[in-house]
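Structure file run_1.csv (CSV, N, CA and C atoms) follows.
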chain,number,residue,atom,x,y,z
J,1,MET,N,-10.8,30.1,-20.6
J,1,MET,CA,-9.7,29.3,-20.1
J,1,MET,C,-10.1,28.4,-19.0
J,2,LYS,N,-9.7,27.2,-19.0
J,2,LYS,CA,-10.1,26.2,-18.0
J,2,LYS,C,-9.3,26.4,-16.7
J,3,LYS,N,-10.0,26.4,-15.6
J,3,LYS,CA,-9.3,26.5,-14.3
J,3,LYS,C,-8.8,25.2,-13.9
J,4,THR,N,-7.7,25.1,-13.3
J,4,THR,CA,-7.2,23.9,-12.8
J,4,THR,C,-7.4,23.8,-11.3
J,5,HIS,N,-7.7,22.7,-10.7
J,5,HIS,CA,-8.0,22.5,-9.3
J,5,HIS,C,-6.7,22.0,-8.6
J,6,ASN,N,-6.2,22.8,-7.7
J,6,ASN,CA,-4.9,22.4,-7.1
J,6,ASN,C,-5.1,22.0,-5.6
J,7,LYS,N,-6.2,21.5,-5.2
J,7,LYS,CA,-6.5,21.1,-3.9
J,7,LYS,C,-5.5,19.9,-3.5
J,8,LYS,N,-4.9,20.1,-2.4
J,8,LYS,CA,-4.0,19.0,-1.9
J,8,LYS,C,-4.9,17.9,-1.2
J,9,LEU,N,-4.9,16.7,-1.7
J,9,LEU,CA,-5.7,15.6,-1.2
J,9,LEU,C,-5.0,14.8,-0.2
J,10,ARG,N,-5.7,14.2,0.7
J,10,ARG,CA,-5.2,13.2,1.6
J,10,ARG,C,-5.5,11.8,1.0
J,11,ILE,N,-4.5,11.1,0.6
J,11,ILE,CA,-4.7,9.8,-0.1
J,11,ILE,C,-4.1,8.7,0.6
J,12,ALA,N,-4.8,7.6,0.7
J,12,ALA,CA,-4.2,6.3,1.2
J,12,ALA,C,-4.1,5.4,0.0
J,13,VAL,N,-2.9,4.8,-0.1
J,13,VAL,CA,-2.6,3.8,-1.1
J,13,VAL,C,-2.4,2.5,-0.4
J,14,LEU,N,-3.4,1.6,-0.6
J,14,LEU,CA,-3.3,0.3,0.1
J,14,LEU,C,-2.7,-0.7,-0.8
J,15,ALA,N,-1.5,-1.2,-0.5
J,15,ALA,CA,-0.8,-2.1,-1.3
J,15,ALA,C,-0.6,-3.4,-0.6
J,16,SER,N,0.1,-4.3,-1.2
J,16,SER,CA,0.3,-5.6,-0.7
J,16,SER,C,1.3,-5.6,0.5
J,17,ASN,N,1.1,-6.5,1.4
J,17,ASN,CA,2.0,-6.7,2.5
J,17,ASN,C,3.0,-7.9,2.2
J,18,ALA,N,2.7,-8.6,1.1
J,18,ALA,CA,3.4,-9.8,0.7
J,18,ALA,C,4.8,-9.5,0.1
J,19,VAL,N,4.8,-8.4,-0.7
J,19,VAL,CA,6.0,-8.1,-1.5
J,19,VAL,C,6.5,-6.7,-1.2
J,20,ARG,N,7.8,-6.6,-1.0
J,20,ARG,CA,8.4,-5.2,-0.8
J,20,ARG,C,8.0,-4.3,-1.9
J,21,ILE,N,7.8,-3.0,-1.6
J,21,ILE,CA,7.6,-2.0,-2.6
J,21,ILE,C,8.7,-1.0,-2.6
J,22,PRO,N,9.3,-0.6,-3.8
J,22,PRO,CA,9.1,-1.3,-5.1
J,22,PRO,C,9.8,-2.7,-5.1
J,23,PRO,N,9.3,-3.6,-5.8
J,23,PRO,CA,9.8,-4.9,-5.8
J,23,PRO,C,11.2,-5.0,-6.5
J,24,ARG,N,12.0,-5.9,-6.0
J,24,ARG,CA,13.2,-6.3,-6.6
J,24,ARG,C,13.0,-7.7,-7.0
J,25,PRO,N,13.8,-8.3,-8.0
J,25,PRO,CA,13.5,-9.7,-8.4
J,25,PRO,C,13.5,-10.7,-7.3
J,26,GLN,N,14.4,-10.5,-6.3
J,26,GLN,CA,14.4,-11.4,-5.2
J,26,GLN,C,13.2,-11.3,-4.2
J,27,ASP,N,12.4,-10.2,-4.4
J,27,ASP,CA,11.3,-10.0,-3.5
J,27,ASP,C,10.0,-10.7,-4.0
J,28,VAL,N,10.1,-11.1,-5.3
J,28,VAL,CA,8.8,-11.6,-5.9
J,28,VAL,C,8.8,-13.1,-5.9
J,29,PRO,N,7.7,-13.7,-5.3
J,29,PRO,CA,7.6,-15.1,-5.2
J,29,PRO,C,7.6,-15.8,-6.6
J,30,PRO,N,7.9,-17.1,-6.7
J,30,PRO,CA,7.8,-17.8,-8.0
J,30,PRO,C,6.4,-17.7,-8.6
J,31,ASN,N,6.3,-17.5,-9.9
J,31,ASN,CA,5.1,-17.4,-10.6
J,31,ASN,C,4.3,-16.1,-10.3
J,32,TRP,N,4.9,-15.2,-9.7
J,32,TRP,CA,4.3,-13.9,-9.5
J,32,TRP,C,5.0,-12.9,-10.4
J,33,SER,N,4.4,-11.8,-10.7
J,33,SER,CA,5.1,-10.8,-11.6
J,33,SER,C,5.7,-9.6,-10.8
J,34,GLY,N,5.1,-9.2,-9.7
J,34,GLY,CA,5.5,-8.0,-9.0
J,34,GLY,C,4.9,-6.8,-9.6
J,35,ALA,N,4.2,-6.9,-10.7
J,35,ALA,CA,3.6,-5.8,-11.3
J,35,ALA,C,2.7,-4.9,-10.5
J,36,PRO,N,1.7,-5.6,-9.7
J,36,PRO,CA,0.8,-4.7,-8.9
J,36,PRO,C,1.6,-3.9,-7.9
J,37,GLU,N,2.7,-4.4,-7.3
J,37,GLU,CA,3.5,-3.7,-6.3
J,37,GLU,C,4.2,-2.5,-7.0
J,38,ARG,N,4.7,-2.8,-8.2
J,38,ARG,CA,5.4,-1.7,-9.0
J,38,ARG,C,4.4,-0.6,-9.3
J,39,VAL,N,3.2,-1.0,-9.8
J,39,VAL,CA,2.2,0.0,-10.1
J,39,VAL,C,1.8,0.8,-8.9
J,40,ALA,N,1.6,0.2,-7.7
J,40,ALA,CA,1.2,0.9,-6.5
J,40,ALA,C,2.3,1.9,-6.1
J,41,TRP,N,3.6,1.5,-6.3
J,41,TRP,CA,4.7,2.3,-6.0
J,41,TRP,C,4.7,3.5,-6.9
J,42,GLN,N,4.5,3.3,-8.2
J,42,GLN,CA,4.6,4.4,-9.2
J,42,GLN,C,3.4,5.4,-8.9
J,43,ILE,N,2.3,4.9,-8.6
J,43,ILE,CA,1.1,5.8,-8.3
J,43,ILE,C,1.4,6.6,-7.1
J,44,THR,N,1.9,5.9,-6.0
J,44,THR,CA,2.3,6.6,-4.8
J,44,THR,C,3.3,7.7,-5.0
J,45,GLU,N,4.4,7.4,-5.7
J,45,GLU,CA,5.4,8.4,-5.9
J,45,GLU,C,4.9,9.6,-6.8
J,46,GLY,N,4.1,9.2,-7.8
J,46,GLY,CA,3.5,10.3,-8.6
J,46,GLY,C,2.6,11.2,-7.8
J,47,LEU,N,1.8,10.7,-7.0
J,47,LEU,CA,0.9,11.5,-6.1
J,47,LEU,C,1.7,12.4,-5.2
J,48,VAL,N,2.8,11.9,-4.6
J,48,VAL,CA,3.6,12.6,-3.7
J,48,VAL,C,4.3,13.8,-4.5
J,49,LYS,N,4.8,13.5,-5.7
J,49,LYS,CA,5.4,14.6,-6.5
J,49,LYS,C,4.4,15.7,-6.9
J,50,ARG,N,3.1,15.3,-6.9
J,50,ARG,CA,2.1,16.3,-7.2
J,50,ARG,C,1.7,17.1,-6.0
J,51,GLY,N,2.3,16.8,-4.8
J,51,GLY,CA,2.0,17.6,-3.6
J,51,GLY,C,0.9,17.1,-2.7
J,52,HIS,N,0.4,15.9,-3.0
J,52,HIS,CA,-0.7,15.3,-2.2
J,52,HIS,C,0.0,14.7,-0.9
J,53,ALA,N,-0.8,14.6,0.1
J,53,ALA,CA,-0.4,14.0,1.4
J,53,ALA,C,-0.8,12.5,1.2
J,54,VAL,N,0.2,11.7,1.0
J,54,VAL,CA,0.0,10.3,0.7
J,54,VAL,C,0.5,9.4,1.8
J,55,SER,N,-0.4,8.4,2.2
J,55,SER,CA,0.0,7.4,3.2
J,55,SER,C,0.0,6.1,2.4
J,56,LEU,N,1.2,5.4,2.4
J,56,LEU,CA,1.3,4.1,1.7
J,56,LEU,C,1.2,3.0,2.7
J,57,TYR,N,0.2,2.2,2.6
J,57,TYR,CA,0.0,1.0,3.5
J,57,TYR,C,0.6,-0.2,2.8
J,58,ALA,N,1.7,-0.6,3.3
J,58,ALA,CA,2.5,-1.7,2.7
J,58,ALA,C,3.4,-2.3,3.8
J,59,SER,N,4.3,-3.1,3.4
J,59,SER,CA,5.3,-3.8,4.3
J,59,SER,C,6.2,-2.7,4.8
J,60,GLY,N,6.8,-2.9,6.0
J,60,GLY,CA,7.7,-2.0,6.6
J,60,GLY,C,9.0,-1.8,5.9
J,61,ASP,N,9.3,-2.7,5.0
J,61,ASP,CA,10.6,-2.5,4.2
J,61,ASP,C,10.4,-1.9,2.9
J,62,ALA,N,9.2,-1.3,2.7
J,62,ALA,CA,8.9,-0.6,1.4
J,62,ALA,C,9.7,0.7,1.4
J,63,LEU,N,10.1,1.2,0.2
J,63,LEU,CA,10.8,2.4,0.1
J,63,LEU,C,9.9,3.4,-0.6
J,64,THR,N,9.6,4.5,0.0
J,64,THR,CA,8.7,5.5,-0.5
J,64,THR,C,9.0,6.9,0.0
J,65,HIS,N,8.5,7.9,-0.7
J,65,HIS,CA,8.5,9.3,-0.2
J,65,HIS,C,7.2,9.6,0.5
J,66,ALA,N,6.3,8.8,0.5
J,66,ALA,CA,5.0,8.9,1.2
J,66,ALA,C,5.2,8.6,2.7
J,67,LYS,N,4.2,8.8,3.4
J,67,LYS,CA,4.2,8.4,4.8
J,67,LYS,C,3.9,6.8,4.8
J,68,LEU,N,4.8,6.1,5.3
J,68,LEU,CA,4.7,4.6,5.3
J,68,LEU,C,4.0,4.1,6.5
J,69,VAL,N,2.9,3.4,6.3
J,69,VAL,CA,2.2,2.8,7.4
J,69,VAL,C,2.2,1.3,7.2
J,70,SER,N,2.7,0.6,8.2
J,70,SER,CA,2.8,-0.9,8.1
J,70,SER,C,2.4,-1.6,9.4
J,71,ILE,N,2.2,-2.9,9.3
J,71,ILE,CA,2.0,-3.7,10.5
J,71,ILE,C,3.0,-4.7,10.7
J,72,ARG,N,4.0,-4.8,9.7
J,72,ARG,CA,5.1,-5.8,9.8
J,72,ARG,C,6.3,-5.1,9.3
J,73,GLN,N,7.5,-5.4,9.9
J,73,GLN,CA,8.7,-4.8,9.5
J,73,GLN,C,9.2,-5.2,8.1
J,74,GLN,N,8.8,-6.4,7.6
J,74,GLN,CA,9.3,-6.8,6.3
J,74,GLN,C,8.1,-7.5,5.6
J,75,ALA,N,8.2,-7.6,4.3
J,75,ALA,CA,7.2,-8.2,3.5
J,75,ALA,C,7.0,-9.7,4.0
J,76,SER,N,5.8,-10.1,4.0
J,76,SER,CA,5.5,-11.5,4.5
J,76,SER,C,6.2,-12.6,3.6
J,77,PHE,N,6.3,-12.4,2.3
J,77,PHE,CA,7.0,-13.4,1.5
J,77,PHE,C,8.4,-13.6,2.0
J,78,ASN,N,9.1,-12.6,2.5
J,78,ASN,CA,10.5,-12.7,2.9
J,78,ASN,C,10.6,-13.1,4.4
J,79,ASP,N,9.5,-13.3,5.1
J,79,ASP,CA,9.5,-13.7,6.5
J,79,ASP,C,9.1,-15.1,6.6
J,80,GLN,N,10.1,-16.0,6.9
J,80,GLN,CA,9.9,-17.4,6.9
J,80,GLN,C,8.7,-17.8,7.9
J,81,ALA,N,8.5,-17.0,8.9
J,81,ALA,CA,7.4,-17.3,9.9
J,81,ALA,C,6.0,-17.1,9.2
J,82,VAL,N,5.9,-16.4,8.1
J,82,VAL,CA,4.6,-16.1,7.5
J,82,VAL,C,4.6,-16.7,6.1
J,83,GLY,N,5.5,-16.3,5.2
J,83,GLY,CA,5.5,-16.9,3.9
J,83,GLY,C,4.2,-16.6,3.1
J,84,LEU,N,4.0,-17.3,2.1
J,84,LEU,CA,2.8,-17.1,1.2
J,84,LEU,C,1.6,-17.8,1.8
J,85,LYS,N,1.8,-18.8,2.7
J,85,LYS,CA,0.7,-19.5,3.2
J,85,LYS,C,-0.3,-18.6,4.0
J,86,HIS,N,0.3,-17.7,4.8
J,86,HIS,CA,-0.5,-16.8,5.7
J,86,HIS,C,-0.5,-15.4,5.3
J,87,HIS,N,0.0,-15.0,4.1
J,87,HIS,CA,0.1,-13.6,3.8
J,87,HIS,C,-1.2,-12.9,3.7
J,88,LYS,N,-2.3,-13.6,3.3
J,88,LYS,CA,-3.6,-13.0,3.2
J,88,LYS,C,-4.1,-12.5,4.6
J,89,ASP,N,-3.8,-13.3,5.7
J,89,ASP,CA,-4.2,-12.8,7.0
J,89,ASP,C,-3.6,-11.5,7.3
J,90,TRP,N,-2.3,-11.3,7.0
J,90,TRP,CA,-1.6,-10.0,7.2
J,90,TRP,C,-2.2,-8.9,6.3
J,91,GLU,N,-2.6,-9.3,5.1
J,91,GLU,CA,-3.2,-8.3,4.2
J,91,GLU,C,-4.5,-7.8,4.7
J,92,PHE,N,-5.3,-8.7,5.3
J,92,PHE,CA,-6.6,-8.3,5.9
J,92,PHE,C,-6.3,-7.3,7.1
J,93,ALA,N,-5.3,-7.6,7.9
J,93,ALA,CA,-4.9,-6.7,9.0
J,93,ALA,C,-4.5,-5.4,8.5
J,94,LEU,N,-3.7,-5.3,7.4
J,94,LEU,CA,-3.2,-4.1,6.9
J,94,LEU,C,-4.4,-3.3,6.3
J,95,ALA,N,-5.3,-3.9,5.6
J,95,ALA,CA,-6.4,-3.2,5.0
J,95,ALA,C,-7.3,-2.7,6.1
J,96,SER,N,-7.5,-3.5,7.2
J,96,SER,CA,-8.3,-3.1,8.3
J,96,SER,C,-7.7,-1.8,9.0
J,97,LYS,N,-6.4,-1.8,9.1
J,97,LYS,CA,-5.7,-0.6,9.7
J,97,LYS,C,-5.9,0.6,8.8
J,98,CYS,N,-5.9,0.4,7.5
J,98,CYS,CA,-6.1,1.5,6.5
J,98,CYS,C,-7.5,2.1,6.7
J,99,TYR,N,-8.5,1.3,6.7
J,99,TYR,CA,-9.9,1.7,6.9
J,99,TYR,C,-10.1,2.3,8.2
J,100,GLN,N,-9.5,1.8,9.3
J,100,GLN,CA,-9.7,2.4,10.6
J,100,GLN,C,-9.1,3.8,10.6
J,101,ASP,N,-7.9,3.9,10.0
J,101,ASP,CA,-7.2,5.3,9.9
J,101,ASP,C,-8.1,6.2,9.0
J,102,ALA,N,-8.7,5.7,8.0
J,102,ALA,CA,-9.6,6.5,7.1
J,102,ALA,C,-10.7,7.1,8.0
J,103,ALA,N,-11.3,6.3,8.8
J,103,ALA,CA,-12.4,6.8,9.7
J,103,ALA,C,-11.9,7.8,10.6
J,104,ARG,N,-10.7,7.7,11.1
J,104,ARG,CA,-10.1,8.6,12.1
J,104,ARG,C,-9.6,9.9,11.4
J,105,TRP,N,-8.9,9.8,10.3
J,105,TRP,CA,-8.3,10.9,9.7
J,105,TRP,C,-9.0,11.5,8.5
J,106,GLY,N,-9.9,10.8,7.9
J,106,GLY,CA,-10.7,11.3,6.8
J,106,GLY,C,-9.9,11.4,5.5
J,107,PHE,N,-9.4,10.3,5.0
J,107,PHE,CA,-8.8,10.4,3.7
J,107,PHE,C,-9.8,10.8,2.6
J,108,ASP,N,-9.3,11.5,1.6
J,108,ASP,CA,-10.2,11.9,0.5
J,108,ASP,C,-10.4,10.7,-0.4
J,109,VAL,N,-9.3,9.9,-0.5
J,109,VAL,CA,-9.3,8.8,-1.5
J,109,VAL,C,-8.6,7.6,-0.8
J,110,ILE,N,-9.1,6.4,-1.0
J,110,ILE,CA,-8.3,5.2,-0.7
J,110,ILE,C,-8.2,4.5,-2.1
J,111,HIS,N,-6.9,4.4,-2.5
J,111,HIS,CA,-6.6,3.7,-3.7
J,111,HIS,C,-6.1,2.3,-3.4
J,112,SER,N,-7.1,1.4,-3.4
J,112,SER,CA,-6.7,0.0,-3.0
J,112,SER,C,-6.3,-0.9,-4.1
J,113,HIS,N,-5.2,-1.6,-3.9
J,113,HIS,CA,-4.7,-2.6,-4.8
J,113,HIS,C,-5.0,-4.0,-4.2
J,114,LEU,N,-5.9,-4.1,-3.3
J,114,LEU,CA,-6.3,-5.3,-2.7
J,114,LEU,C,-7.9,-5.4,-2.7
J,115,PRO,N,-8.5,-5.5,-3.9
J,115,PRO,CA,-9.9,-5.4,-3.9
J,115,PRO,C,-10.6,-6.5,-3.2
J,116,LEU,N,-10.1,-7.8,-3.2
J,116,LEU,CA,-10.8,-8.9,-2.6
J,116,LEU,C,-10.6,-8.8,-1.1
J,117,VAL,N,-9.6,-8.1,-0.6
J,117,VAL,CA,-9.4,-8.0,0.8
J,117,VAL,C,-10.0,-6.7,1.3
J,118,ALA,N,-9.9,-5.6,0.6
J,118,ALA,CA,-10.4,-4.3,1.1
J,118,ALA,C,-11.9,-4.1,0.9
J,119,GLY,N,-12.4,-4.8,-0.1
J,119,GLY,CA,-13.9,-4.6,-0.4
J,119,GLY,C,-14.8,-4.8,0.8
J,120,PRO,N,-14.6,-6.0,1.5
J,120,PRO,CA,-15.5,-6.2,2.6
J,120,PRO,C,-15.3,-5.2,3.8
J,121,LEU,N,-14.2,-4.5,3.8
J,121,LEU,CA,-13.9,-3.5,4.9
J,121,LEU,C,-14.3,-2.1,4.5
J,122,ALA,N,-14.8,-1.9,3.3
J,122,ALA,CA,-15.1,-0.5,2.9
J,122,ALA,C,-16.1,0.1,3.7
J,123,GLY,N,-17.0,-0.6,4.3
J,123,GLY,CA,-18.1,-0.1,5.1
J,123,GLY,C,-17.6,0.6,6.4
J,124,LEU,N,-16.3,0.3,6.7
J,124,LEU,CA,-15.8,1.0,7.9
J,124,LEU,C,-15.5,2.4,7.7
Output the file's structure as structure tokens, nothing else.
Amino acid sequence: MKKTHNKKLRIAVLASNAVRIPPRPQDVPPNWSGAPERVAWQITEGLVKRGHAVSLYASGDALTHAKLVSIRQQASFNDQAVGLKHHKDWEFALASKCYQDAARWGFDVIHSHLPLVAGPLAGL
């Protein structure tokens, strides 16, 4: 009989700061799908249901059962002061926070949905 491993993991899910999670139609910029944000939300909620300690790094208006960690109160797309023009700057800051927290708290896994932003920070 195969043994199952029931270790509770500490997982960080690094999602977009541009679109609220889970996305609603009004949260998605023109010509975007919102699919990556929906997938990040589904993964996060599934991991929480399985009993893992999950921290979701996303906009402050995200809805989740995980611990929400953000650097902005609302998605940058919905903030006229940021919009799409500067949202990558905020995503770099969010990814940086995630990796700093990983060094501090020792996440077992970082599930990043921002490969072009998070990749250069992975060395942290």
query: Which is closer to Ala118 of chain J than all the others in J:Val82, J:Val69, J:Gly46, J:Tyr57, using only C-alpha atoms?
result: J:Tyr57
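Atom C of Leu94 of chain J is positioned 12.3 Å from atom CA of Leu116 of chain J.
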query: Could you pull out the strand (DSSP E or B) residues of segment 4-124 of chain J from DSSP and send them as a PyMOL selection string?
result: chain J and resi 10-14+53-57+67-69+109-112
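These are the residues of segment 31-64 of chain J assigned alpha helix (DSSP H) by DSSP from backbone coordinates: Ala35, Pro36, Glu37, Arg38, Val39, Ala40, Trp41, Gln42, Ile43, Thr44, Glu45, Gly46, Leu47, Val48 and Lys49 of chain J.
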statement: Across J:Ala102, J:Ile11, J:Ala40, J:Ile71, the smallest distance to Ala53 of chain J, with only N, CA and C atoms counted, is shown by J:Ile11
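The neighbours of segment 23-26 of chain J here are the residues that come within 7 Å of it, using only C-alpha atoms and leaving out any residue fewer than 5 positions away in the same chain; they are J:Gly34, J:Glu37, J:Arg38.
We find atom CA of Ser96 of chain J and atom CA of Phe77 of chain J to be spaced 19.7 Å apart.
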task: Record the distance separating atom CA of Ala58 of chain J and atom CA of Leu14 of chain J, expressed in Å with one decimal.
output: 6.7 Å
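Shell of Ser112 of chain J at 6.5 Å, with only N, CA and C atoms counted and residues fewer than 6 places along the chain excluded, is Ala12, Val13, Leu14 and Ala15 of chain J.
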- prompt: So which residues touch Asn6 of chain J within 12 Å, counting only C-alpha atoms, skipping near sequence neighbours fewer than 4 positions away, as JSON, numbers by chain?
  reply: {"J": [50, 51, 52]}
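With all atoms listed in the file taken into account, the protein and nucleic acid residues at most 8 Å from Ala18 of chain J (excluding it and anything under 4 positions from it in its own chain) are J:Asp27, J:Val28, J:Pro29, J:Ala58, J:Ser59, J:Gln74, J:Ala75, J:Ser76, J:Phe77, J:Asn78, J:Asp79, J:Gly83, J:Leu84, J:His87, J:Lys88, J:Trp90, J:Glu91.
Counting only N, CA and C atoms, Lys49 of chain J has the following residues at most 8 Å away, ignoring those fewer than 6 positions along the same chain: Ile43, His65 and Ala66 of chain J.
Each of J:Arg20, J:Arg104, J:His111, J:Arg10 was checked against Ala62 of chain J using all atoms listed in the file; the smallest atom-to-atom distance is that of J:Arg20.
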Regenerate segment 64-87 of chain J at the level of N, CA, C and O atoms and dump it as a compact mmCIF listing (two decimals), in the frame of the given file.
# COMPACT_ATOMS: atom_id res chain seq x y z
N THR J 64 9.60 4.50 0.00
CA THR J 64 8.70 5.50 -0.50
C THR J 64 9.00 6.90 0.00
O THR J 64 9.62 7.05 1.06
N HIS J 65 8.50 7.90 -0.70
CA HIS J 65 8.50 9.30 -0.20
C HIS J 65 7.20 9.60 0.50
O HIS J 65 7.13 10.73 1.06
N ALA J 66 6.30 8.80 0.50
CA ALA J 66 5.00 8.90 1.20
C ALA J 66 5.20 8.60 2.70
O ALA J 66 6.26 8.03 3.05
N LYS J 67 4.20 8.80 3.40
CA LYS J 67 4.20 8.40 4.80
C LYS J 67 3.90 6.80 4.80
O LYS J 67 2.93 6.40 4.21
N LEU J 68 4.80 6.10 5.30
CA LEU J 68 4.70 4.60 5.30
C LEU J 68 4.00 4.10 6.50
O LEU J 68 4.42 4.45 7.63
N VAL J 69 2.90 3.40 6.30
CA VAL J 69 2.20 2.80 7.40
C VAL J 69 2.20 1.30 7.20
O VAL J 69 1.88 0.77 6.13
N SER J 70 2.70 0.60 8.20
CA SER J 70 2.80 -0.90 8.10
C SER J 70 2.40 -1.60 9.40
O SER J 70 2.34 -0.95 10.42
N ILE J 71 2.20 -2.90 9.30
CA ILE J 71 2.00 -3.70 10.50
C ILE J 71 3.00 -4.70 10.70
O ILE J 71 3.03 -5.44 11.64
N ARG J 72 4.00 -4.80 9.70
CA ARG J 72 5.10 -5.80 9.80
C ARG J 72 6.30 -5.10 9.30
O ARG J 72 6.28 -4.21 8.43
N GLN J 73 7.50 -5.40 9.90
CA GLN J 73 8.70 -4.80 9.50
C GLN J 73 9.20 -5.20 8.10
O GLN J 73 9.98 -4.47 7.49
N GLN J 74 8.80 -6.40 7.60
CA GLN J 74 9.30 -6.80 6.30
C GLN J 74 8.10 -7.50 5.60
O GLN J 74 7.13 -7.90 6.22
N ALA J 75 8.20 -7.60 4.30
CA ALA J 75 7.20 -8.20 3.50
C ALA J 75 7.00 -9.70 4.00
O ALA J 75 7.98 -10.37 4.29
N SER J 76 5.80 -10.10 4.00
CA SER J 76 5.50 -11.50 4.50
C SER J 76 6.20 -12.60 3.60
O SER J 76 6.51 -13.59 4.18
N PHE J 77 6.30 -12.40 2.30
CA PHE J 77 7.00 -13.40 1.50
C PHE J 77 8.40 -13.60 2.00
O PHE J 77 8.93 -14.72 1.97
N ASN J 78 9.10 -12.60 2.50
CA ASN J 78 10.50 -12.70 2.90
C ASN J 78 10.60 -13.10 4.40
O ASN J 78 11.70 -13.16 4.92
N ASP J 79 9.50 -13.30 5.10
CA ASP J 79 9.50 -13.70 6.50
C ASP J 79 9.10 -15.10 6.60
O ASP J 79 7.99 -15.53 6.28
N GLN J 80 10.10 -16.00 6.90
CA GLN J 80 9.90 -17.40 6.90
C GLN J 80 8.70 -17.80 7.90
O GLN J 80 8.11 -18.87 7.76
N ALA J 81 8.50 -17.00 8.90
CA ALA J 81 7.40 -17.30 9.90
C ALA J 81 6.00 -17.10 9.20
O ALA J 81 5.02 -17.62 9.74
N VAL J 82 5.90 -16.40 8.10
CA VAL J 82 4.60 -16.10 7.50
C VAL J 82 4.60 -16.70 6.10
O VAL J 82 3.74 -17.58 5.84
N GLY J 83 5.50 -16.30 5.20
CA GLY J 83 5.50 -16.90 3.90
C GLY J 83 4.20 -16.60 3.10
O GLY J 83 3.42 -15.78 3.50
N LEU J 84 4.00 -17.30 2.10
CA LEU J 84 2.80 -17.10 1.20
C LEU J 84 1.60 -17.80 1.80
O LEU J 84 0.48 -17.35 1.56
N LYS J 85 1.80 -18.80 2.70
CA LYS J 85 0.70 -19.50 3.20
C LYS J 85 -0.30 -18.60 4.00
O LYS J 85 -1.49 -18.73 3.96
N HIS J 86 0.30 -17.70 4.80
CA HIS J 86 -0.50 -16.80 5.70
C HIS J 86 -0.50 -15.40 5.30
O HIS J 86 -0.99 -14.54 6.10
N HIS J 87 0.00 -15.00 4.10
CA HIS J 87 0.10 -13.60 3.80
C HIS J 87 -1.20 -12.90 3.70
O HIS J 87 -1.34 -11.73 4.04
